Every structure is written in structure tokens, then in C-alpha cells.
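Participant: What follows is the file upload18.tsv, containing TSV, C-alpha atoms:
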```tsv
chain	number	residue	atom	x	y	z
J	146	MET	CA	-16.44	10.03	-4.48
J	147	LEU	CA	-16.29	6.23	-4.17
J	148	THR	CA	-19.18	4.12	-2.91
J	149	VAL	CA	-18.86	0.34	-2.57
J	150	GLU	CA	-22.11	-1.49	-1.80
J	151	ASP	CA	-22.41	-5.20	-0.99
J	152	LEU	CA	-19.39	-6.14	-3.11
J	153	ALA	CA	-19.02	-9.90	-3.65
J	154	ALA	CA	-16.16	-11.52	-5.55
J	155	GLY	CA	-13.99	-14.59	-5.68
J	156	TYR	CA	-11.92	-16.96	-7.78
J	157	GLY	CA	-13.38	-20.02	-9.49
J	158	ARG	CA	-15.97	-21.37	-7.07
J	159	ALA	CA	-14.29	-19.88	-4.00
J	160	GLN	CA	-15.99	-16.74	-2.73
J	161	VAL	CA	-13.64	-14.28	-1.05
J	162	LEU	CA	-15.71	-11.11	-0.55
J	163	PHE	CA	-19.11	-11.21	1.14
J	164	GLY	CA	-21.02	-7.94	0.93
J	165	VAL	CA	-18.17	-5.46	1.41
J	166	SER	CA	-19.40	-1.86	1.75
J	167	PHE	CA	-17.59	1.43	2.40
J	168	THR	CA	-17.34	4.97	1.09
J	169	ILE	CA	-14.56	7.47	0.46
J	170	GLY	CA	-15.37	11.17	0.21
J	171	PRO	CA	-13.42	13.87	-1.66
J	172	GLY	CA	-10.09	14.51	0.05
J	173	GLU	CA	-10.62	11.63	2.49
J	174	THR	CA	-8.17	8.86	3.34
J	175	LEU	CA	-9.65	5.47	4.22
J	176	ALA	CA	-7.33	2.79	5.62
J	177	LEU	CA	-8.40	-0.78	4.82
J	178	MET	CA	-6.83	-3.19	7.29
J	179	GLY	CA	-6.89	-6.90	7.94
J	180	ARG	CA	-4.65	-9.90	8.45
J	181	ASN	CA	-3.19	-11.76	5.47
J	182	GLY	CA	-5.73	-13.59	3.34
J	183	MET	CA	-8.74	-11.60	4.52
J	184	GLY	CA	-9.60	-10.17	1.07
J	185	LYS	CA	-7.85	-6.80	0.90
J	186	THR	CA	-6.11	-7.30	-2.44
J	187	THR	CA	-9.20	-9.02	-3.84
J	188	THR	CA	-11.14	-5.88	-2.94
J	189	VAL	CA	-8.62	-3.76	-4.86
J	190	ARG	CA	-8.73	-6.08	-7.87
J	191	ALA	CA	-12.53	-5.93	-7.94
J	192	LEU	CA	-12.52	-2.13	-7.66
J	193	MET	CA	-10.02	-1.77	-10.51
J	194	GLY	CA	-11.76	-4.17	-12.89
J	195	LEU	CA	-8.96	-6.72	-12.66
J	196	LEU	CA	-11.49	-9.15	-11.19
J	197	ARG	CA	-15.15	-9.17	-12.23
J	198	PRO	CA	-17.39	-8.81	-9.16
J	199	TRP	CA	-19.99	-11.47	-8.51
J	200	GLY	CA	-22.40	-8.94	-7.11
J	201	GLY	CA	-22.81	-5.53	-5.56
J	202	ARG	CA	-22.22	-2.06	-6.90
J	203	VAL	CA	-19.19	0.21	-7.20
J	204	THR	CA	-19.89	3.88	-7.93
J	205	PHE	CA	-17.13	6.36	-8.68
J	206	ALA	CA	-17.92	10.05	-9.11
J	207	GLY	CA	-21.58	9.19	-9.56
J	208	ARG	CA	-21.01	6.52	-12.20
J	209	ALA	CA	-21.33	2.74	-11.81
J	210	VAL	CA	-18.00	1.14	-12.69
J	211	GLN	CA	-18.30	-2.47	-11.48
J	212	GLY	CA	-17.30	-4.83	-14.27
J	213	THR	CA	-15.76	-2.00	-16.31
J	214	PRO	CA	-12.38	-2.78	-17.99
J	215	PRO	CA	-9.36	-1.63	-15.97
J	216	HIS	CA	-8.17	0.94	-18.50
J	217	ARG	CA	-11.54	2.70	-18.39
J	218	ILE	CA	-11.53	2.76	-14.61
J	219	ALA	CA	-8.03	4.27	-14.70
J	220	ARG	CA	-9.19	6.88	-17.21
J	221	ALA	CA	-12.14	7.70	-14.97
J	222	GLY	CA	-9.62	8.88	-12.39
J	223	ILE	CA	-8.53	6.00	-10.13
J	224	GLY	CA	-4.78	5.54	-9.81
J	225	LEU	CA	-3.41	2.24	-8.52
J	226	VAL	CA	-0.16	1.56	-6.68
J	227	PRO	CA	-0.23	-2.25	-6.94
J	228	GLU	CA	1.08	-4.78	-4.48
J	229	GLY	CA	4.59	-5.77	-5.56
J	230	ARG	CA	5.29	-2.34	-7.17
J	231	GLN	CA	5.32	-3.63	-10.79
J	232	VAL	CA	7.47	-0.84	-12.20
J	233	PHE	CA	8.73	-1.19	-15.77
J	234	PRO	CA	12.18	-2.73	-15.14
J	235	THR	CA	13.85	-1.78	-18.44
J	236	LEU	CA	12.62	1.83	-18.48
J	237	THR	CA	14.39	4.62	-16.65
J	238	VAL	CA	12.77	6.35	-13.70
J	239	GLU	CA	11.81	9.26	-15.93
J	240	GLU	CA	10.42	6.96	-18.64
J	241	ASN	CA	8.35	5.10	-16.02
J	242	LEU	CA	6.85	8.40	-14.95
J	243	ILE	CA	6.00	9.79	-18.37
J	244	ALA	CA	4.81	6.50	-19.90
J	245	THR	CA	1.29	6.79	-18.45
J	246	ALA	CA	1.21	10.50	-17.59
J	247	ARG	CA	-1.95	12.54	-18.08
J	248	PRO	CA	-2.35	16.32	-17.93
J	249	GLY	CA	-3.00	17.83	-14.52
J	250	ARG	CA	-1.39	19.37	-11.48
J	251	TRP	CA	1.00	16.46	-10.96
J	252	THR	CA	3.80	17.13	-13.44
J	253	LEU	CA	7.23	15.52	-13.73
J	254	PRO	CA	9.05	18.33	-11.86
J	255	ARG	CA	6.45	18.36	-9.08
J	256	VAL	CA	6.51	14.60	-8.61
J	257	LEU	CA	10.31	14.52	-8.56
J	258	ALA	CA	10.30	17.29	-5.97
J	259	LEU	CA	8.05	15.09	-3.82
J	260	PHE	CA	10.52	12.20	-4.14
J	261	PRO	CA	14.10	13.58	-4.04
J	262	ARG	CA	15.50	10.03	-4.20
J	263	LEU	CA	13.89	9.60	-7.62
J	264	GLU	CA	15.21	12.94	-8.81
J	265	ALA	CA	18.74	11.73	-8.07
J	266	ARG	CA	18.08	8.44	-9.92
J	267	ARG	CA	15.95	9.64	-12.82
J	268	ARG	CA	18.33	8.14	-15.43
J	269	LEU	CA	18.53	4.71	-13.76
J	270	ARG	CA	16.40	1.78	-14.91
J	271	GLY	CA	13.56	0.60	-12.70
J	272	ALA	CA	15.39	-2.70	-12.18
J	273	ASP	CA	18.39	-0.85	-10.75
J	274	LEU	CA	16.44	0.73	-7.88
J	275	SER	CA	16.12	-0.63	-4.36
J	276	GLY	CA	12.79	-2.01	-3.21
J	277	GLY	CA	11.95	1.20	-1.38
J	278	GLU	CA	12.87	3.32	-4.38
J	279	GLN	CA	10.72	1.13	-6.61
J	280	GLN	CA	7.83	1.68	-4.23
J	281	MET	CA	8.34	5.44	-4.44
J	282	LEU	CA	8.43	5.14	-8.22
J	283	ALA	CA	5.15	3.20	-8.22
J	284	ILE	CA	3.48	5.94	-6.15
J	285	ALA	CA	4.98	8.69	-8.31
J	286	ARG	CA	3.84	6.91	-11.49
J	287	ALA	CA	0.28	6.70	-10.17
J	288	LEU	CA	0.34	10.39	-9.31
J	289	MET	CA	1.45	11.19	-12.86
J	290	THR	CA	-1.91	9.89	-14.09
J	291	ASN	CA	-3.43	12.75	-12.06
J	292	PRO	CA	-6.02	10.57	-10.37
J	293	ARG	CA	-9.03	11.74	-8.40
J	294	LEU	CA	-8.58	8.74	-6.08
J	295	LEU	CA	-5.32	6.95	-5.27
J	296	ILE	CA	-5.36	3.29	-4.20
J	297	LEU	CA	-2.23	1.98	-2.48
J	298	ASP	CA	-2.04	-1.76	-1.92
J	299	GLU	CA	0.56	-2.57	0.79
J	300	ALA	CA	2.52	0.62	0.09
J	301	THR	CA	5.18	-0.04	2.75
J	302	GLU	CA	5.28	-3.85	2.79
J	303	GLY	CA	8.75	-5.21	3.51
J	304	LEU	CA	10.46	-1.82	3.65
J	305	ALA	CA	13.06	-0.67	6.14
J	306	PRO	CA	11.73	1.68	8.83
J	307	LEU	CA	13.46	4.74	7.34
J	308	LEU	CA	11.96	4.22	3.89
J	309	ARG	CA	8.58	3.41	5.42
J	310	ALA	CA	8.70	6.71	7.28
J	311	GLU	CA	9.56	8.57	4.08
J	312	ILE	CA	6.60	7.08	2.26
J	313	PHE	CA	4.19	7.84	5.10
J	314	ALA	CA	5.50	11.42	5.10
J	315	VAL	CA	4.62	11.64	1.41
J	316	LEU	CA	1.16	10.20	2.04
J	317	THR	CA	0.63	12.78	4.78
J	318	THR	CA	1.59	15.52	2.32
J	319	LEU	CA	-0.87	14.15	-0.23
J	320	ARG	CA	-3.62	14.16	2.37
J	321	ARG	CA	-2.87	17.80	3.25
J	322	GLU	CA	-3.12	18.64	-0.44
J	323	GLY	CA	-6.59	17.13	-0.65
J	324	GLU	CA	-5.84	13.86	-2.43
J	325	ALA	CA	-8.42	11.15	-1.77
J	326	ALA	CA	-6.89	7.75	-1.01
J	327	LEU	CA	-7.60	4.14	-0.12
J	328	VAL	CA	-4.57	2.87	1.78
J	329	ILE	CA	-3.97	-0.79	2.58
J	330	ASP	CA	-1.23	-1.25	5.16
J	331	LYS	CA	-0.46	-3.17	8.34
J	332	HIS	CA	1.18	-0.41	10.39
J	333	LEU	CA	-1.61	0.71	12.66
J	334	ALA	CA	0.35	3.39	14.51
J	335	ARG	CA	1.19	5.14	11.24
J	336	LEU	CA	-2.32	4.80	9.85
J	337	ARG	CA	-3.82	6.36	12.96
J	338	GLY	CA	-2.03	9.58	12.08
J	339	LEU	CA	-2.91	9.41	8.39
J	340	ALA	CA	-6.42	8.08	7.89
J	341	ASN	CA	-9.73	9.86	8.43
J	342	ARG	CA	-11.38	6.47	8.91
J	343	ILE	CA	-10.31	2.85	9.25
J	344	ALA	CA	-12.19	-0.22	8.00
J	345	ILE	CA	-11.19	-3.73	9.10
J	346	LEU	CA	-11.72	-6.67	6.77
J	347	GLU	CA	-11.98	-10.20	8.13
J	348	LYS	CA	-12.80	-13.28	6.06
J	349	GLY	CA	-14.17	-11.12	3.28
J	350	ARG	CA	-16.44	-8.99	5.45
J	351	ILE	CA	-16.09	-5.53	6.95
J	352	VAL	CA	-16.24	-6.22	10.69
J	353	TRP	CA	-15.49	-2.71	11.97
J	354	GLN	CA	-15.41	0.86	10.67
J	355	GLY	CA	-14.66	4.05	12.53
J	356	THR	CA	-12.20	6.81	13.25
J	357	PRO	CA	-8.61	6.21	14.37
J	358	ASP	CA	-9.51	7.71	17.76
J	359	ALA	CA	-12.37	5.24	18.19
J	360	LEU	CA	-10.04	2.34	17.36
J	361	ALA	CA	-7.42	3.60	19.81
J	362	ALA	CA	-10.08	3.93	22.53
J	363	ASP	CA	-10.93	0.22	22.28
J	364	PRO	CA	-7.68	-1.82	22.05
J	365	GLY	CA	-9.68	-5.03	22.00
J	366	ILE	CA	-10.81	-4.36	18.43
J	367	ALA	CA	-7.27	-4.42	17.08
J	368	GLU	CA	-6.37	-7.39	19.27
J	369	ARG	CA	-9.33	-9.43	17.98
J	370	HIS	CA	-9.21	-8.58	14.31
J	371	LEU	CA	-5.60	-7.53	13.61
J	372	HIS	CA	-3.70	-9.52	16.25
J	373	VAL	CA	-1.70	-6.47	17.35
```
What is this structure when it is put down as C-alpha cells?

Facilitator:
Amino acid sequence: MLTVEDLAAGYGRAQVLFGVSFTIGPGETLALMGRNGMGKTTTVRALMGLLRPWGGRVTFAGRAVQGTPPHRIARAGIGLVPEGRQVFPTLTVEENLIATARPGRWTLPRVLALFPRLEARRRLRGADLSGGEQQMLAIARALMTNPRLLILDEATEGLAPLLRAEIFAVLTTLRREGEAALVIDKHLARLRGLANRIAILEKGRIVWQGTPDALAADPGIAERHLHV
């Protein structure tokens, strides 16, 4: 579904990504991991057209999309849950969800059933939600675009353990339902139970790719590249 080949990108004269390559198949979850400042969010920005790549190729559903404007990439079927949530603060939960909705299997009732906390707060403004609830709203809003691929950038960053567990439970449900996803997160134990494959990014390069079982079998990999 998504093929990234030799992706290079940066800011000004500073190169951040050096030949990043990975693939995501239909219904597959790929976890992209790495310490802070290694290029994870830059990768997301380049994939979504928020940052023009310097080189390489990004193919989605058989079509080259590198350098394409963000709104066209979204319309092609990639839904983004951005770092920092970025919900519409003055809109209600329900208005946030319907503002960018597109026809498909993810409807307002179905999304609210997936997130009972949002159902109970559907008349509240985005600014009135807790951080965890805003994160749920950001995921629900992306689902309402009925994407073919969901990208989650630091989906559980800074959340309390209970809320983090709730979000990972939702992501597990989405995987069971066949949603393809690129998940960026730091919680290795959780990702081992969620991802089909894990890719580790270090200084703008993919330094390891494999299954969660392969990563668990060699603790030195995580110790060297993730400091866990």
C-alpha cells in the first residue's frame, strides 16, 4: 500500500533524512521507533506533503505522491493523527468529527462507539477536553476521513498509563479490523503486541527492521538504538 524508497529531506541546509526506506502492506501495522531528534516526525511531514522531500520516492496505492500537496495526499486516503493533537479548540467534539468527514464505514455513531469518552463529551469544545481525550478526538477525527492508511505521530505521548492503555486497545481493535497503520511511539512493550513489523530510525537512517519477536530475541538492538 505504501512504499518509501530512499527518502531524503531536511530543513534549510540541514539534512535530516538519509535514504529512508520501508513498506506497509494492506492491513499491516508498522511501528517506527527512535530516540528524540532521530527524524520520525520529519518522516511523517515528508510523507504527508508538509515538507517537500529532497529526494527519493513515496508511492501510495500504486501512485507516486512525493511532493504532492497535503490535501491531495489526504484525499488519496492517508489520515494523519499529528503530534500535539491539533484539535479545533472552539468546535465541539461532534463538530471536530464531522468537519473533515468523508463517506465510508467509519461513521459518527461507529466512531463514538469506539471512544465512549467522546460520546459522553460530544457537546464539549475541544479546548475543554483533557489531553488524553483530545488525543482520542484526534484519532477519531482521522478515522472519520475513512483513510486507507492511518499515520499516528506520538499517539500516546505524555498520557497517563490508563489513557495510554485505552488508546492502545483502540489501535489493537483497528488492527483486527484490517486498518493499515504507521505508528510512531516510544512504548516498546505495547508496540510488540500491536505491530506486524518494527523499524528503528537513528540519525535519519533506518538502522533495523524486523518483527517484534526478532527484536525481543535480541535485547541489544533496543539497548543500542532506543536506550531501553

Participant: Using all atoms listed in the file, which of the listed residues (J:Thr168, J:Thr245, J:Asn291, J:Thr186) sits closest to His216 of chain J?

Facilitator: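 Between J:Thr168, J:Thr245, J:Asn291, J:Thr186, the residue approaching His216 of chain J most closely is J:Thr245.
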
Participant: Would you compute the distance between atom CA of Leu295 of chain J and atom CA of Met281 of chain J? Give it in Å to one decimal.

Facilitator: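 Atom CA of Met281 of chain J lies 13.8 Å from atom CA of Leu295 of chain J.
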
Participant: Please return as an mmCIF file with C-alpha atoms, in the frame of the given file every residue within 12 Å of (-14.4, 0.0, -17.7), taking into account all atoms listed in the file and the file's own coordinates.

Facilitator:
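What ended up in result.cif:
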```cif
data_model
loop_
_atom_site.group_PDB
_atom_site.id
_atom_site.type_symbol
_atom_site.label_atom_id
_atom_site.label_comp_id
_atom_site.auth_asym_id
_atom_site.auth_seq_id
_atom_site.Cartn_x
_atom_site.Cartn_y
_atom_site.Cartn_z
ATOM 1 C CA ALA J 191 -12.530 -5.930 -7.940
ATOM 2 C CA LEU J 192 -12.520 -2.130 -7.660
ATOM 3 C CA MET J 193 -10.020 -1.770 -10.510
ATOM 4 C CA GLY J 194 -11.760 -4.170 -12.890
ATOM 5 C CA LEU J 195 -8.960 -6.720 -12.660
ATOM 6 C CA LEU J 196 -11.490 -9.150 -11.190
ATOM 7 C CA ARG J 197 -15.150 -9.170 -12.230
ATOM 8 C CA VAL J 203 -19.190 0.210 -7.200
ATOM 9 C CA THR J 204 -19.890 3.880 -7.930
ATOM 10 C CA PHE J 205 -17.130 6.360 -8.680
ATOM 11 C CA ARG J 208 -21.010 6.520 -12.200
ATOM 12 C CA ALA J 209 -21.330 2.740 -11.810
ATOM 13 C CA VAL J 210 -18.000 1.140 -12.690
ATOM 14 C CA GLN J 211 -18.300 -2.470 -11.480
ATOM 15 C CA GLY J 212 -17.300 -4.830 -14.270
ATOM 16 C CA THR J 213 -15.760 -2.000 -16.310
ATOM 17 C CA PRO J 214 -12.380 -2.780 -17.990
ATOM 18 C CA PRO J 215 -9.360 -1.630 -15.970
ATOM 19 C CA HIS J 216 -8.170 0.940 -18.500
ATOM 20 C CA ARG J 217 -11.540 2.700 -18.390
ATOM 21 C CA ILE J 218 -11.530 2.760 -14.610
ATOM 22 C CA ALA J 219 -8.030 4.270 -14.700
ATOM 23 C CA ARG J 220 -9.190 6.880 -17.210
ATOM 24 C CA ALA J 221 -12.140 7.700 -14.970
ATOM 25 C CA GLY J 222 -9.620 8.880 -12.390
ATOM 26 C CA ILE J 223 -8.530 6.000 -10.130
#
```

Participant: Find the residues near Glu278 of chain J: any atom within 12 Å, counting all atoms listed in the file, skip ones fewer than 6 places away on the same chain, and give them as a ChimeraX atom specification.

Facilitator: /J:230,232,238,260-267,269-272,284-285,300-301,304-305,307-309,311-312

Participant: What does the distance from atom CA of Ser275 of chain J to atom CA of Gln231 of chain J come to in Å, to one decimal?

Facilitator: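 Interatomic distance, atom CA of Ser275 of chain J to atom CA of Gln231 of chain J: 12.9 Å.
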
Participant: Please measure the separation of atom CA of Gly277 of chain J and atom CA of Glu302 of chain J, giving the value in Å to one decimal.

Facilitator: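 Computed distance, atom CA of Gly277 of chain J to atom CA of Glu302 of chain J, equals 9.3 Å.
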
Participant: Which residue is closest to Arg337 of chain J? Choose from J:Pro254, J:Gly207, J:Pro171, J:Gly355 and count all atoms listed in the file.

Facilitator: J:Gly355

Participant: Smallest atom-to-atom distance to Glu173 of chain J: which of J:Ile296, J:Ala159, J:Leu242, J:Leu225, using only C-alpha atoms?

Facilitator: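 Between J:Ile296, J:Ala159, J:Leu242, J:Leu225, the residue approaching Glu173 of chain J most closely is J:Ile296.
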
Participant: In terms of the shortest atom-to-atom distance over all atoms listed in the file, which of J:Ala361, J:Leu294, J:Leu259, J:Val165 is closest to Leu336 of chain J?

Facilitator: J:Ala361

Participant: Check the smallest atom-to-atom distance from each of J:Leu371, J:Leu175, J:Leu236, J:Leu253 to Glu324 of chain J using only C-alpha atoms, then report the winner.

Facilitator: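 For Glu324 of chain J, the nearest of the given residues is J:Leu175.
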